[in-house]
Structure formats: C-alpha cells, structure tokens
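Content type mmCIF, C-alpha atoms and all ligand atoms, from the file upload.cif:
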data_work
#
loop_
_atom_site.label_atom_id
_atom_site.label_comp_id
_atom_site.auth_asym_id
_atom_site.auth_seq_id
_atom_site.Cartn_x
_atom_site.Cartn_y
_atom_site.Cartn_z
CA MET A 24 -8.33 34.30 10.23
CA SER A 25 -9.37 31.26 12.25
CA GLU A 26 -7.04 28.94 14.18
CA LEU A 27 -4.75 26.94 11.87
CA SER A 28 -5.97 23.67 13.33
CA ASP A 29 -9.50 24.53 12.20
CA LEU A 30 -8.35 24.57 8.60
CA ILE A 31 -8.10 21.57 6.38
CA ILE A 32 -5.98 21.47 3.22
CA CYS A 33 -6.73 19.10 0.36
CA GLU A 34 -3.65 16.95 -0.22
CA TYR A 35 -4.49 16.55 -3.92
CA CYS A 36 -5.11 20.13 -5.04
CA ASP A 37 -4.11 22.45 -2.15
CA ALA A 38 -7.62 23.90 -1.64
CA VAL A 39 -8.27 25.20 1.90
CA TYR A 40 -11.48 24.69 3.89
CA GLN A 41 -12.86 25.22 7.37
CA ARG A 42 -12.81 21.85 9.16
CA PRO A 43 -16.35 20.49 8.73
CA ARG A 44 -18.44 18.94 11.50
CA LEU A 45 -19.23 15.46 10.31
CA HIS A 46 -22.15 13.31 11.32
CA ALA A 47 -21.85 9.54 11.27
CA HIS A 48 -21.48 8.12 7.74
CA GLN A 49 -20.82 11.59 6.35
CA ARG A 50 -17.76 12.32 4.30
CA ALA A 51 -16.34 15.66 3.29
CA ASN A 52 -15.11 15.87 -0.28
CA CYS A 53 -13.03 18.58 -1.90
CA ARG A 54 -15.17 20.80 -4.15
CA ARG A 55 -12.28 21.42 -6.48
CA CYS A 56 -10.84 17.93 -7.11
CA GLY A 57 -13.32 15.57 -5.43
CA GLY A 58 -10.73 14.08 -3.05
CA VAL A 59 -11.75 12.98 0.44
CA LEU A 60 -10.97 15.70 3.01
CA ALA A 61 -12.33 14.05 6.12
CA ARG A 62 -14.18 10.87 6.94
CA PRO A 63 -15.88 9.74 10.11
CA HIS A 64 -13.88 7.52 12.47
CA LEU A 65 -14.65 3.84 12.62
CA PHE A 66 -13.82 3.38 16.30
CA HIS A 67 -13.60 5.22 19.58
CA VAL A 68 -10.07 5.60 21.01
CA ASP A 69 -10.75 3.12 23.83
CA HIS A 70 -12.06 0.58 21.36
CA LEU A 71 -8.90 1.04 19.33
CA LEU A 72 -6.85 -0.22 22.27
CA ALA A 73 -8.99 -3.36 22.54
CA LEU A 74 -8.67 -3.96 18.78
CA CYS A 75 -4.95 -3.40 19.01
CA LEU A 76 -4.59 -6.07 21.70
CA THR A 77 -6.56 -8.40 19.43
CA ALA A 78 -4.06 -7.61 16.68
CA VAL A 79 -1.17 -8.49 19.04
CA LEU A 80 -2.74 -11.90 19.71
CA LEU A 81 -3.23 -12.49 15.98
CA VAL A 82 0.41 -11.59 15.31
CA VAL A 83 1.60 -14.09 17.92
CA PHE A 84 -0.72 -16.73 16.49
CA LEU A 85 0.51 -16.08 12.95
CA GLY A 86 4.10 -16.40 14.13
CA VAL A 87 3.63 -20.09 14.92
CA SER A 88 0.58 -21.20 12.97
CA PRO A 89 0.68 -22.18 9.27
CA VAL A 90 -1.52 -20.35 6.76
CA LEU A 91 -1.67 -23.35 4.41
CA VAL A 92 -1.10 -27.07 4.84
CA ILE A 93 -0.80 -29.71 2.13
CA GLN A 94 -1.44 -33.41 2.68
CA THR A 95 0.70 -35.92 0.81
CA GLN A 96 0.97 -39.63 1.56
CA GLY A 97 -0.60 -39.14 4.95
CA GLN A 98 1.94 -36.46 5.87
CA ALA A 99 1.13 -32.82 6.45
CA HIS A 100 3.45 -30.09 5.17
CA PRO A 101 2.64 -26.72 6.70
CA ALA A 102 3.76 -23.28 5.49
CA THR A 103 3.77 -20.27 7.77
CA LEU A 104 4.17 -16.66 6.64
CA PHE A 105 7.83 -16.96 7.51
CA ASP A 106 8.26 -20.17 5.45
CA ALA A 107 6.77 -18.47 2.40
CA VAL A 108 9.17 -15.53 2.74
CA TRP A 109 12.14 -17.81 3.47
CA ALA A 110 11.35 -19.93 0.40
CA LEU A 111 12.28 -16.94 -1.76
CA THR A 112 15.88 -17.07 -0.53
CA ARG A 113 16.33 -20.27 -2.54
CA GLY A 114 17.66 -19.56 -5.98
CA PRO A 115 18.58 -16.11 -7.26
CA THR A 116 15.81 -14.20 -5.50
CA ASP A 117 17.29 -13.41 -2.04
CA LEU A 118 16.69 -9.71 -2.54
CA LEU A 119 13.02 -10.42 -3.08
CA ALA A 120 12.86 -12.34 0.20
CA LEU A 121 14.01 -9.11 1.86
CA VAL A 122 11.24 -7.11 0.16
CA ALA A 123 8.62 -9.74 1.01
CA GLY A 124 9.85 -10.12 4.59
CA PHE A 125 9.75 -6.35 5.03
CA SER A 126 6.21 -5.99 3.71
CA VAL A 127 4.46 -8.97 5.26
CA ILE A 128 6.45 -9.55 8.48
CA LEU A 129 8.49 -6.55 9.61
CA VAL A 130 6.09 -3.74 8.70
CA PRO A 131 2.95 -5.31 10.25
CA LEU A 132 4.98 -6.25 13.34
CA VAL A 133 6.27 -2.69 13.80
CA GLN A 134 2.83 -1.23 13.08
CA VAL A 135 1.15 -3.35 15.75
CA ALA A 136 3.95 -2.69 18.27
CA LEU A 137 3.87 1.09 17.75
CA MET A 138 0.07 1.22 17.87
CA SER A 139 0.02 -0.74 21.15
CA TRP A 140 2.54 1.66 22.63
CA ILE A 141 0.69 4.79 21.50
CA LEU A 142 -2.80 3.53 22.32
CA GLY A 143 -1.75 2.21 25.72
CA PHE A 144 -0.90 5.79 26.72
CA ALA A 145 -3.81 7.28 24.80
CA HIS A 146 -6.11 5.21 26.99
CA PHE A 147 -4.99 7.45 29.88
CA ARG A 148 -5.31 10.56 27.68
CA GLN A 149 -1.54 10.88 27.46
CA LYS A 150 0.96 11.16 24.66
CA ALA A 151 3.33 8.19 24.74
CA PRO A 152 7.07 8.97 24.99
CA GLY A 153 8.32 9.37 21.42
CA PHE A 154 4.77 10.03 20.21
CA ARG A 155 5.82 12.19 17.24
CA GLY A 156 8.37 9.68 15.98
CA CYS A 157 5.98 6.74 16.40
CA MET A 158 3.20 8.50 14.50
CA ARG A 159 5.54 9.53 11.72
CA THR A 160 6.88 6.00 11.40
CA LEU A 161 3.32 4.67 11.19
CA THR A 162 2.43 7.12 8.41
CA SER A 163 5.54 6.27 6.40
CA LEU A 164 5.14 2.52 6.79
CA SER A 165 1.47 2.13 5.98
CA PRO A 166 1.82 2.09 2.15
CA TRP A 167 4.26 -0.83 2.49
CA SER A 168 2.12 -3.17 4.57
CA MET A 169 1.02 -5.92 2.19
CA LEU A 170 -0.74 -8.52 4.33
CA GLU A 171 -3.93 -8.32 2.27
CA VAL A 172 -2.04 -9.04 -0.94
CA PHE A 173 -0.45 -12.04 0.76
CA LEU A 174 -3.91 -13.18 1.79
CA LEU A 175 -5.16 -13.09 -1.80
CA GLY A 176 -1.94 -14.87 -2.80
CA ALA A 177 -2.71 -17.66 -0.33
CA LEU A 178 -6.22 -18.07 -1.74
CA VAL A 179 -4.89 -18.15 -5.30
CA THR A 180 -2.30 -20.76 -4.24
CA VAL A 181 -5.01 -23.00 -2.82
CA PHE A 182 -6.90 -22.98 -6.11
CA LYS A 183 -3.74 -23.25 -8.16
CA ILE A 184 -2.59 -26.56 -6.71
CA THR A 185 -5.91 -28.09 -5.76
CA GLY A 186 -6.60 -30.95 -8.12
CA ARG A 187 -3.00 -32.10 -8.02
CA ILE A 188 -2.64 -32.23 -4.25
CA GLU A 189 -4.94 -31.54 -1.37
CA VAL A 190 -4.38 -28.11 0.17
CA LEU A 191 -6.05 -27.13 3.38
CA PRO A 192 -6.65 -23.56 4.44
CA THR A 193 -6.15 -23.25 8.18
CA LEU A 194 -7.08 -21.08 11.13
CA GLY A 195 -3.92 -19.14 10.31
CA LEU A 196 -5.56 -17.94 7.11
CA ALA A 197 -8.54 -16.60 9.07
CA ALA A 198 -6.15 -14.90 11.51
CA LEU A 199 -4.37 -13.33 8.54
CA ALA A 200 -7.66 -11.99 7.21
CA GLY A 201 -8.55 -10.53 10.62
CA LEU A 202 -5.15 -8.93 11.08
CA SER A 203 -5.18 -7.35 7.60
CA LEU A 204 -8.57 -5.79 8.28
CA LEU A 205 -7.48 -4.47 11.68
CA ILE A 206 -4.30 -2.94 10.29
CA ILE A 207 -6.12 -1.30 7.36
CA GLY A 208 -8.78 0.14 9.66
CA MET A 209 -6.41 1.35 12.35
CA ALA A 210 -3.01 2.23 10.92
CA GLY A 211 -4.49 3.47 7.64
CA ARG A 212 -7.26 5.58 9.13
CA ASP A 213 -8.20 5.88 12.75
CA ILE A 214 -4.82 6.20 14.45
CA HIS A 215 -4.47 9.55 12.73
CA ARG A 216 -7.14 11.12 14.94
CA LEU A 217 -4.74 10.99 17.90
CA TRP A 218 -2.94 14.04 16.50
CA ASP A 219 -6.08 16.07 17.09
CA GLU A 220 -7.46 14.39 20.18
CA LEU A 221 -4.51 14.10 22.55
CA PRO A 222 -3.57 17.26 24.48
CA MET B 8 -17.22 29.35 -6.02
CA THR B 9 -13.66 28.08 -5.92
CA PRO B 10 -12.08 27.67 -2.50
CA PRO B 11 -8.81 29.56 -1.85
CA THR B 12 -5.59 27.58 -2.11
CA ALA B 13 -3.00 27.11 0.59
CA ASP B 14 -0.55 29.10 -1.53
CA GLU B 15 -2.84 32.12 -1.65
CA LEU B 16 -3.38 32.04 2.11
CA GLY B 17 0.31 31.59 2.91
CA LEU B 18 -0.15 28.06 4.20
CA ARG B 19 1.46 24.68 3.67
CA LEU B 20 0.15 21.20 4.29
CA CYS B 21 2.23 18.96 6.56
CA HIS B 22 2.42 15.64 4.78
CA HIS B 23 2.72 13.59 7.91
CA CYS B 24 0.13 14.94 10.32
CA ARG B 25 -1.97 17.00 7.89
CA LEU B 26 -1.72 20.19 9.93
CA ALA B 27 -2.13 23.47 8.08
CA CYS B 28 1.18 25.23 8.75
CA ASP B 29 2.40 28.75 8.19
CA ALA B 30 4.34 28.89 4.90
CA THR B 31 7.18 30.79 6.58
CA ALA B 32 7.90 27.90 8.98
CA GLN B 33 10.50 25.34 7.95
CA HIS B 34 9.23 22.55 10.17
CA CYS B 35 5.75 21.48 11.16
CA PRO B 36 5.15 22.80 14.70
CA ARG B 37 3.21 19.68 15.62
CA CYS B 38 5.27 16.75 14.26
CA ASN B 39 8.52 18.50 13.29
CA THR B 40 8.53 17.24 9.67
CA TRP B 41 10.28 19.36 7.04
CA LEU B 42 7.74 21.40 5.10
CA HIS B 43 7.90 21.69 1.34
CA ARG B 44 5.64 23.69 -0.92
CA ARG B 45 5.60 20.81 -3.41
CA LYS B 46 7.33 17.43 -3.37
CA HIS B 47 10.97 18.03 -4.23
CA ASN B 48 11.92 17.41 -7.87
CA SER B 49 8.68 15.52 -8.30
CA ILE B 50 8.49 15.21 -12.09
CA ALA B 51 12.11 14.19 -12.70
CA ARG B 52 12.09 11.58 -9.94
CA ALA B 53 8.76 10.09 -11.03
CA TRP B 54 9.99 9.84 -14.65
CA ALA B 55 13.25 8.20 -13.64
CA LEU B 56 11.61 5.64 -11.36
CA MET B 57 8.91 4.85 -13.89
CA MET B 58 11.32 4.38 -16.80
CA THR B 59 13.50 2.06 -14.70
CA ALA B 60 10.40 0.05 -13.80
CA LEU B 61 9.36 -0.06 -17.44
CA ILE B 62 12.76 -1.45 -18.45
CA LEU B 63 12.70 -4.10 -15.69
CA TYR B 64 9.18 -5.09 -16.70
CA ILE B 65 10.64 -6.70 -19.85
CA PRO B 66 12.80 -9.34 -18.10
CA ALA B 67 9.98 -9.78 -15.56
CA ASN B 68 7.78 -11.09 -18.35
CA VAL B 69 10.36 -12.82 -20.52
CA LEU B 70 12.36 -14.69 -17.88
CA PRO B 71 10.91 -17.66 -15.96
CA ILE B 72 9.51 -17.02 -12.50
CA MET B 73 9.44 -20.63 -11.35
CA HIS B 74 11.21 -23.91 -12.02
CA THR B 75 9.26 -27.12 -11.49
CA SER B 76 10.80 -30.57 -11.42
CA SER B 77 8.76 -33.76 -11.08
CA PHE B 78 8.29 -37.25 -12.60
CA THR B 79 7.18 -35.80 -15.85
CA GLY B 80 10.31 -33.72 -16.23
CA ASP B 81 11.59 -30.23 -15.56
CA SER B 82 9.90 -27.06 -16.73
CA ASP B 83 10.30 -23.30 -16.43
CA THR B 84 7.22 -21.10 -16.13
CA THR B 85 6.85 -17.46 -17.11
CA ILE B 86 4.00 -15.30 -15.82
CA LEU B 87 2.10 -15.35 -19.09
CA GLY B 88 2.84 -19.06 -19.48
CA SER B 89 1.20 -19.79 -16.13
CA VAL B 90 -1.81 -17.67 -17.07
CA VAL B 91 -2.23 -19.63 -20.32
CA THR B 92 -1.81 -22.99 -18.57
CA LEU B 93 -4.39 -22.11 -15.93
CA TRP B 94 -6.79 -20.89 -18.61
CA LEU B 95 -6.43 -24.10 -20.64
CA ASP B 96 -6.92 -26.15 -17.46
CA GLY B 97 -10.29 -24.47 -17.06
CA ALA B 98 -9.25 -22.36 -14.06
CA TRP B 99 -10.15 -19.19 -15.94
CA ASP B 100 -11.02 -17.27 -12.75
CA ILE B 101 -7.56 -17.78 -11.23
CA ALA B 102 -5.99 -17.09 -14.63
CA LEU B 103 -7.90 -13.81 -14.72
CA ILE B 104 -6.82 -12.77 -11.20
CA ILE B 105 -3.17 -13.45 -12.02
CA PHE B 106 -3.45 -11.69 -15.38
CA ILE B 107 -5.00 -8.57 -13.80
CA ALA B 108 -2.43 -8.47 -11.00
CA SER B 109 0.66 -9.03 -13.13
CA VAL B 110 -0.25 -7.45 -16.47
CA GLY B 111 -3.31 -5.26 -15.97
CA VAL B 112 -2.14 -3.41 -12.85
CA PRO B 113 1.45 -2.62 -13.95
CA VAL B 114 0.44 -1.65 -17.50
CA THR B 115 -2.32 0.63 -16.15
CA LYS B 116 0.22 2.23 -13.82
CA PHE B 117 2.67 2.89 -16.65
CA LEU B 118 -0.02 4.38 -18.89
CA VAL B 119 -1.67 6.55 -16.21
CA LEU B 120 1.55 7.81 -14.67
CA GLY B 121 2.94 8.50 -18.14
CA LEU B 122 -0.20 10.46 -19.04
CA LEU B 123 -0.07 12.48 -15.81
CA LEU B 124 3.62 13.28 -16.21
CA LEU B 125 3.18 14.35 -19.84
CA THR B 126 0.14 16.57 -19.22
CA VAL B 127 1.68 18.20 -16.14
CA GLY B 128 4.92 18.74 -18.04
CA ARG B 129 2.99 20.56 -20.77
CA GLY B 130 1.07 22.61 -18.21
CA SER B 131 -2.24 21.30 -19.49
CA GLU B 132 -5.39 22.84 -18.04
CA ARG B 133 -7.78 20.22 -19.33
CA SER B 134 -9.90 17.91 -17.13
CA ARG B 135 -7.90 18.48 -13.94
CA ARG B 136 -10.51 16.79 -11.82
CA ASP B 137 -10.39 13.59 -13.86
CA ARG B 138 -6.62 13.53 -13.82
CA THR B 139 -6.61 13.93 -10.03
CA ARG B 140 -9.06 11.03 -9.88
CA LEU B 141 -6.67 8.95 -12.00
CA TYR B 142 -3.89 9.70 -9.50
CA ARG B 143 -6.04 8.47 -6.61
CA GLY B 144 -6.67 5.32 -8.64
CA LEU B 145 -2.91 4.83 -8.93
CA GLU B 146 -2.52 5.06 -5.15
CA LEU B 147 -5.31 2.53 -4.73
CA ILE B 148 -3.88 -0.22 -6.97
CA GLY B 149 -0.43 0.37 -5.43
CA TYR B 150 0.95 -3.00 -4.44
CA TRP B 151 -1.55 -5.53 -5.77
CA SER B 152 0.86 -6.73 -8.43
CA MET B 153 2.96 -8.25 -5.62
CA LEU B 154 0.45 -11.10 -5.81
CA ASP B 155 2.60 -13.39 -7.95
CA VAL B 156 5.57 -12.92 -5.67
CA PHE B 157 3.62 -14.22 -2.69
CA VAL B 158 2.06 -17.04 -4.70
CA ALA B 159 5.56 -18.07 -5.79
CA GLY B 160 6.81 -17.98 -2.17
CA LEU B 161 3.92 -20.09 -0.91
CA LEU B 162 4.22 -22.63 -3.74
CA VAL B 163 7.94 -23.02 -3.17
CA ALA B 164 7.41 -23.39 0.59
CA LEU B 165 4.66 -25.99 0.16
CA VAL B 166 5.89 -28.10 -2.73
CA GLN B 167 9.38 -29.30 -1.96
CA PHE B 168 9.01 -32.96 -1.21
CA GLY B 169 9.70 -36.28 -2.88
CA ALA B 170 6.91 -37.64 -5.03
CA LEU B 171 5.52 -34.20 -5.79
CA GLY B 172 8.81 -32.96 -7.07
CA SER B 173 9.94 -29.49 -6.15
CA ILE B 174 9.47 -25.88 -7.13
CA GLU B 175 12.17 -23.21 -7.07
CA PRO B 176 11.91 -19.47 -7.59
CA ARG B 177 13.62 -18.04 -10.68
CA ILE B 178 15.03 -14.61 -11.48
CA GLY B 179 11.92 -13.33 -13.35
CA ILE B 180 10.00 -13.02 -10.11
CA LEU B 181 12.74 -10.81 -8.64
CA TYR B 182 12.36 -8.35 -11.54
CA PHE B 183 8.64 -8.48 -10.90
CA GLY B 184 9.03 -7.48 -7.26
CA LEU B 185 11.38 -4.65 -8.23
CA VAL B 186 8.82 -3.35 -10.76
CA VAL B 187 6.19 -3.20 -8.01
CA VAL B 188 8.48 -1.33 -5.60
CA LEU B 189 9.67 1.11 -8.28
CA THR B 190 6.16 1.91 -9.54
CA MET B 191 5.04 2.51 -5.94
CA LEU B 192 7.97 4.88 -5.40
CA ALA B 193 7.20 6.62 -8.71
CA THR B 194 3.57 7.16 -7.69
CA MET B 195 4.66 8.53 -4.31
CA SER B 196 7.13 10.91 -5.95
CA PHE B 197 4.48 12.47 -8.16
CA ASP B 198 2.80 15.50 -6.60
CA PRO B 199 -0.87 15.66 -7.67
CA ARG B 200 -1.03 19.36 -6.74
CA LEU B 201 1.09 20.08 -9.82
CA ILE B 202 -2.01 19.23 -11.88
CA TRP B 203 -3.69 22.31 -10.35
CA ASP B 204 -0.74 24.68 -10.29
CA THR B 205 -1.39 25.86 -13.84
CA GLU B 206 -4.73 27.37 -12.88
CA PRO B 207 -4.91 31.12 -13.57
CA HIS B 208 -5.68 33.28 -10.54
CA HIS B 209 -9.31 33.85 -9.74
CA GLU B 210 -9.70 36.70 -7.32
ZN ZN C 301 -8.87 18.95 -3.64
ZN ZN C 302 3.10 17.79 10.87
#
Could you spell out this file's structure in structure tokens?
Ligand SMILES: [Zn+2]
Ligand SMILES: [Zn+2]
Amino acid sequence: MSELSDLIICEYCDAVYQRPRLHAHQRANCRRCGGVLARPHLFHVDHLLALCLTAVLLVVFLGVSPVLVIQTQGQAHPATLFDAVWALTRGPTDLLALVAGFSVILVPLVQVALMSWILGFAHFRQKAPGFRGCMRTLTSLSPWSMLEVFLLGALVTVFKITGRIEVLPTLGLAALAGLSLLIIGMAGRDIHRLWDELP
Amino acid sequence: MTPPTADELGLRLCHHCRLACDATAQHCPRCNTWLHRRKHNSIARAWALMMTALILYIPANVLPIMHTSSFTGDSDTTILGSVVTLWLDGAWDIALIIFIASVGVPVTKFLVLGLLLLTVGRGSERSRRDRTRLYRGLELIGYWSMLDVFVAGLLVALVQFGALGSIEPRIGILYFGLVVVLTMLATMSFDPRLIWDTEPHHE
C-alpha cells in the first residue's frame, strides 16, 4: 500500500482515494457522495503572510473605527463593533453579549494572531513553536467566526433606519468586509496546506 | 466502481488535520488528536441539542426582541412583527432578508436535521448521496440566523439618544442566539458517515 499521506479520506462518507494532482481551478470530488475532497489553493504561502499582515492592520483599524455613524441634530453618534456587542449587555441579554463578543471579536482576533504567528515562521520554512496546538485551535474556531454575518447585519441596519434618521456607512464597514473575506479565504481554506507543506 | 472505505482498509480520518491514520492508533501521529471511528454518541447528542433548540425557538418567536421608546410611545417588537412592519413600510427586500435569516434558516435546519436523524436511525439505504448533500447544506447555512442578533446590537448601540428615543434589547433575542448556537452544535454532532454505514459490502 502507498504512503498514508498520499491517501485522502472523504469526511462525509469515508471513501478512500489516492491524493489527486490538481491543476489550477480543478477540484476533486468524491465519487461516492459528491463531497469536495481537495481544492486548489488560493494563495502561495508567502502571499499568505502578506495577506495576514493586512488582516492585522484591518483588525487594529476596526478596533477604533466605527462601522456605522448616525447624524442627529448636527451630532454624530458612531458605533464600533465593540459598541454593538456591548449594547447587548443592557437588559436581560448579557449572555448574548458574550456569544456575540466571542464570535465577532474574540474569535477573529485569535484567528489573526495565530495565523500571523504560524505564517511568520512558515515564511522561513519552519514550524512555529506550538504549531500543532495553533493549527488545532484554528480548525476548531473557524465555524464560530461570524464577521460576515455581522457585516450583513450592518447593511440591514442601515436600510432599516434610513428614512427615519440618516445613517452613514463608514470606512470601518469596508474594513470589515475586507477582513471577513481574508479570514474566510485563509483560516477556512489555505492555512490547512501548512500541514502538508512544512517539514 | 465504488472506492474502498477507510474501514475496509483499516484506516481512520483525523478530523483536525485530515491525515489518513492507522485504525490501531489512538492518536493522530501528526497533530495528536484523539481518533474516533465515528463521532461519539452522534445520534443521541444531535437529537438532544436539536430538541432543546426547537423548544427555545418558541419563546424566541413569541417574546419581544426589542423595546422602543420615543415621542409616539413605547412599543415591543417581535421578530415576525418587525418583518410585517418592514413589509408594510415597503421595505420588502429587508423584510425578506430578515424572514429568511430568522424563520427560513432555522426551520430548514430543524426539518433537514430531523430527516437525517430519522433516516439514519432507521438504517435507510435510500438516496444516500442526496442526504449527504443536505448535510453539507446544513453546514453551509450554519450561523446566518445570527443576523437579527447583530442587527439588534447595532440598533441599540446607535439609537440611544434624546429626541430619537431609545432602543433596548429584550429577552426574545437571547433565545434566538441560543437557538443558533444549539443548532450549530447539533449539526456538528451529527456524523454524515452514518448515512453510508448501512451499505452492504461490495467486494
Ligand atoms: Zn464521499
Ligand atoms: Zn491529525
């Protein structure tokens, strides 16, 4: 039998295949259940580091910059990601503020931090200290990162109160869109290749 | 030609790093995760989480999610109430988005997960491929029903001043968030490989 690392097991139906050689834009699907077995990578490892540093900048920017601003009587009232989460602690919904804070602040923050750490070392073809733990944390956290849902929520909010008051989308909203895309593309997909590519 | 299964070859998939591991090993040699043949107690856990979510979905819809006070008086809004108001105001597109996120997505999850659990429990051999596809759909719609929670948070954060009145979150939205978390956990507990485990051997 061939090397175990040359085999690929379908996570949906347990079928086993030889790892296929994929060309760009090719995808390998399971013959038995149709699930995706392997897809081409979006980015080269070195590009991932550059994208990750971009993500760090976006995180810092989002920490201070509002995603929405409303204008009333000449005054501007901004709301950052943190304000929106904090607002849920008013009234009987504190527990929900925890869930929201976890999924739109803590998880993305940890994801970006761990990816910077891992990719910084990967740039020099090395496994970062704690590589296994970092990768496992990234895999477990990725279903709970909900920035893109928050983004849609912000857009819905704009339309919901426009007409009564003037709401202005800000640069923060664009940063949020960029960061969601980066996290989906990296943490959800491409980071995984490091298991196979680092010595 | 059907491909061999991991079981037949004496292999196990590592859920974290996707390495094909020897079935005799207890831990994945690459990432050290515990290896299981199938997710532990999958069916019972998925049922329990889903039923709890289903029960909480009732107060999520019946109880108000927001309290608004302004010149014109105080009012409590439920999810369906806000959908109706938006629709009558002519914002049918926003009404539709909110309706899909807060009714369509959770109800679809309950129905699909219920169907998968029932058919797997009966050991059904029918349309396995389609049922696996349904499971992937469940994973995909995962957390989108959190939408209302974030809209509520943003509205409360933005509208809290003088002339505009104020908005406060209400308990309904908490039940809503719990429904999302519980349905996500239920989906994760279900092991889609159980759909295929009934297949007779094909040497
Ligand atoms: Zn498959
Ligand atoms: Zn592993």
Hey, which bits of chain A sit within 10 Å of ligand ZN 302 (chain C), and for each residue what's the closest pair of atoms and how far apart in Å (one decimal), counting all atoms listed in the file, rows by chain and increasing number, as JSON lines?
{"residue": "A:Arg155", "atom": "CA", "partner": "C:ZN302", "partner_atom": "ZN", "distance": 8.9}
{"residue": "A:Met158", "atom": "CA", "partner": "C:ZN302", "partner_atom": "ZN", "distance": 10.0}
{"residue": "A:Arg159", "atom": "CA", "partner": "C:ZN302", "partner_atom": "ZN", "distance": 8.7}
{"residue": "A:Trp218", "atom": "CA", "partner": "C:ZN302", "partner_atom": "ZN", "distance": 9.1}
>> I'd like the contact shell of Asp219 (chain A) - 12 Å cut-off, all atoms listed in the file, skipping same-chain residues fewer than 2 positions apart - returned as a VMD selection string.
In response: (chain A and resid 28 to 29 42 68 145 148 150 213 to 217 221 to 222) or (chain B and resid 24 to 26 37 to 38)
>> Taking all atoms listed in the file and a cut-off of 12 Å, can you tell me which residues surround ligand ZN 301 (chain C), written as a ChimeraX atom specification?
In response: /A:31-40,51-61 /B:9-13,135-140,143,199-204
Which residues are near Met138 (chain A)? Cut-off 8 Å, only C-alpha atoms, ignore same chain within fewer than 4 positions. Put them as a PDB file with C-alpha atoms, in the coordinates of the input.
ATOM      1  CA  CYS A  75      -4.950  -3.400  19.010  1.00  0.00           C
ATOM      2  CA  GLN A 134       2.830  -1.230  13.080  1.00  0.00           C
ATOM      3  CA  LEU A 142      -2.800   3.530  22.320  1.00  0.00           C
ATOM      4  CA  ALA A 210      -3.010   2.230  10.920  1.00  0.00           C
ATOM      5  CA  ILE A 214      -4.820   6.200  14.450  1.00  0.00           C
TER       6      ILE A 214
END
>> Nearest residue to Trp54 (chain B) out of B:Gly121, B:Leu141, B:Val187, B:Leu162, using all atoms listed in the file?
In response: B:Gly121
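Counting all atoms listed in the file, the residue from B:Val110, B:Leu87, B:Ala193, B:Ile104 that sits nearest to Tyr142 (chain B) is B:Ala193.
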>> Neighbouring residues of Pro71 (chain B) were defined as those with any atom within 10 Å, considering only C-alpha atoms; residues of the same chain fewer than 3 positions away were excluded. Please report them as a count of residues only.
In response: 17
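With all atoms listed in the file as the atoms that count, the residue of A:Leu174, A:Val108, A:Asp117, A:Pro63 with the shortest distance to Ala197 (chain A) is A:Leu174.
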> Neighbours of Val158 (chain B) within 7 Å (only C-alpha atoms; same-chain residues fewer than 5 positions away dropped), as a PyMOL selection string?
Replying inline: chain A and resi 176-177+180
>> Please determine, counting all atoms listed in the file, which residue among B:Cys28, B:Ala55, B:Cys35, B:Leu103 has the shortest atom-to-atom distance to chain A.
In response: B:Cys28
Any chance you could tabulate, as JSON lines, the residues of region 60-173 of chain A at most 12 Å from region 181-194 of chain A with each one's nearest atom pair and distance in Å to one decimal, using all atoms listed in the file, in chain and rising number order?
{"residue": "A:Leu81", "atom": "CA", "partner": "A:Leu194", "partner_atom": "CA", "distance": 10.6}
{"residue": "A:Phe84", "atom": "CA", "partner": "A:Leu194", "partner_atom": "CA", "distance": 9.4}
{"residue": "A:Leu85", "atom": "CA", "partner": "A:Leu194", "partner_atom": "CA", "distance": 9.3}
{"residue": "A:Val87", "atom": "CA", "partner": "A:Leu194", "partner_atom": "CA", "distance": 11.4}
{"residue": "A:Ser88", "atom": "CA", "partner": "A:Leu194", "partner_atom": "CA", "distance": 7.9}
{"residue": "A:Pro89", "atom": "CA", "partner": "A:Thr193", "partner_atom": "CA", "distance": 7.0}
{"residue": "A:Val90", "atom": "CA", "partner": "A:Thr193", "partner_atom": "CA", "distance": 5.6}
{"residue": "A:Leu91", "atom": "CA", "partner": "A:Pro192", "partner_atom": "CA", "distance": 5.0}
{"residue": "A:Val92", "atom": "CA", "partner": "A:Leu191", "partner_atom": "CA", "distance": 5.2}
{"residue": "A:Ile93", "atom": "CA", "partner": "A:Val190", "partner_atom": "CA", "distance": 4.4}
{"residue": "A:Gln94", "atom": "CA", "partner": "A:Glu189", "partner_atom": "CA", "distance": 5.7}
{"residue": "A:Thr95", "atom": "CA", "partner": "A:Ile188", "partner_atom": "CA", "distance": 7.1}
{"residue": "A:Gln96", "atom": "CA", "partner": "A:Ile188", "partner_atom": "CA", "distance": 10.1}
{"residue": "A:Gly97", "atom": "CA", "partner": "A:Glu189", "partner_atom": "CA", "distance": 10.8}
{"residue": "A:Gln98", "atom": "CA", "partner": "A:Glu189", "partner_atom": "CA", "distance": 11.1}
{"residue": "A:Ala99", "atom": "CA", "partner": "A:Val190", "partner_atom": "CA", "distance": 9.6}
{"residue": "A:His100", "atom": "CA", "partner": "A:Val190", "partner_atom": "CA", "distance": 9.5}
{"residue": "A:Pro101", "atom": "CA", "partner": "A:Leu191", "partner_atom": "CA", "distance": 9.3}
{"residue": "A:Ala102", "atom": "CA", "partner": "A:Thr193", "partner_atom": "CA", "distance": 10.3}
{"residue": "A:Thr103", "atom": "CA", "partner": "A:Thr193", "partner_atom": "CA", "distance": 10.4}
Could you write those residues out with C-alpha atoms, as a compact mmCIF listing (two decimals), keeping the file's coordinate frame?
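Okay, selection_19.txt is ready:
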# COMPACT_ATOMS: atom_id res chain seq x y z
CA LEU A 81 -3.23 -12.49 15.98
CA PHE A 84 -0.72 -16.73 16.49
CA LEU A 85 0.51 -16.08 12.95
CA VAL A 87 3.63 -20.09 14.92
CA SER A 88 0.58 -21.20 12.97
CA PRO A 89 0.68 -22.18 9.27
CA VAL A 90 -1.52 -20.35 6.76
CA LEU A 91 -1.67 -23.35 4.41
CA VAL A 92 -1.10 -27.07 4.84
CA ILE A 93 -0.80 -29.71 2.13
CA GLN A 94 -1.44 -33.41 2.68
CA THR A 95 0.70 -35.92 0.81
CA GLN A 96 0.97 -39.63 1.56
CA GLY A 97 -0.60 -39.14 4.95
CA GLN A 98 1.94 -36.46 5.87
CA ALA A 99 1.13 -32.82 6.45
CA HIS A 100 3.45 -30.09 5.17
CA PRO A 101 2.64 -26.72 6.70
CA ALA A 102 3.76 -23.28 5.49
CA THR A 103 3.77 -20.27 7.77
> Given the choices B:Leu20, B:Ile101, B:Ile148, B:Ile107, which gets closest to Met169 (chain A) if the distance is worked out from all atoms listed in the file?
Replying inline: B:Ile148
> If we count only C-alpha atoms, what is near Thr194 (chain B) at a cut-off of 8 Å, once residues fewer than 3 positions away on the same chain are taken out, given as a PyMOL selection string?
Replying inline: chain B and resi 53+120+145-146+190-191+197
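The smallest atom-to-atom distance between Thr205 (chain B) and any of B:Glu175, B:Pro113, B:Leu192, B:Glu132, using all atoms listed in the file, is found for B:Glu132.
What separates CA of Gln167 (chain B) from CA of Ile72 (chain B) is a distance of 16.2 Å.
CA of Arg45 (chain B) is positioned 13.2 Å from CA of Gln33 (chain B).
Note that the spacing between CA of Leu104 (chain A) and CA of Val69 (chain B) amounts to 28.1 Å.
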Might I get the box with edges along x, y and z of the file that holds all atoms of region 110-126 of chain B listed there, padded by 5 Å on every side, given as centre and edge lengths in Å to one decimal, as JSON?
{"center_x": 0.2, "center_y": 4.6, "center_z": -16.3, "size_x": 16.9, "size_y": 34.0, "size_z": 17.0}
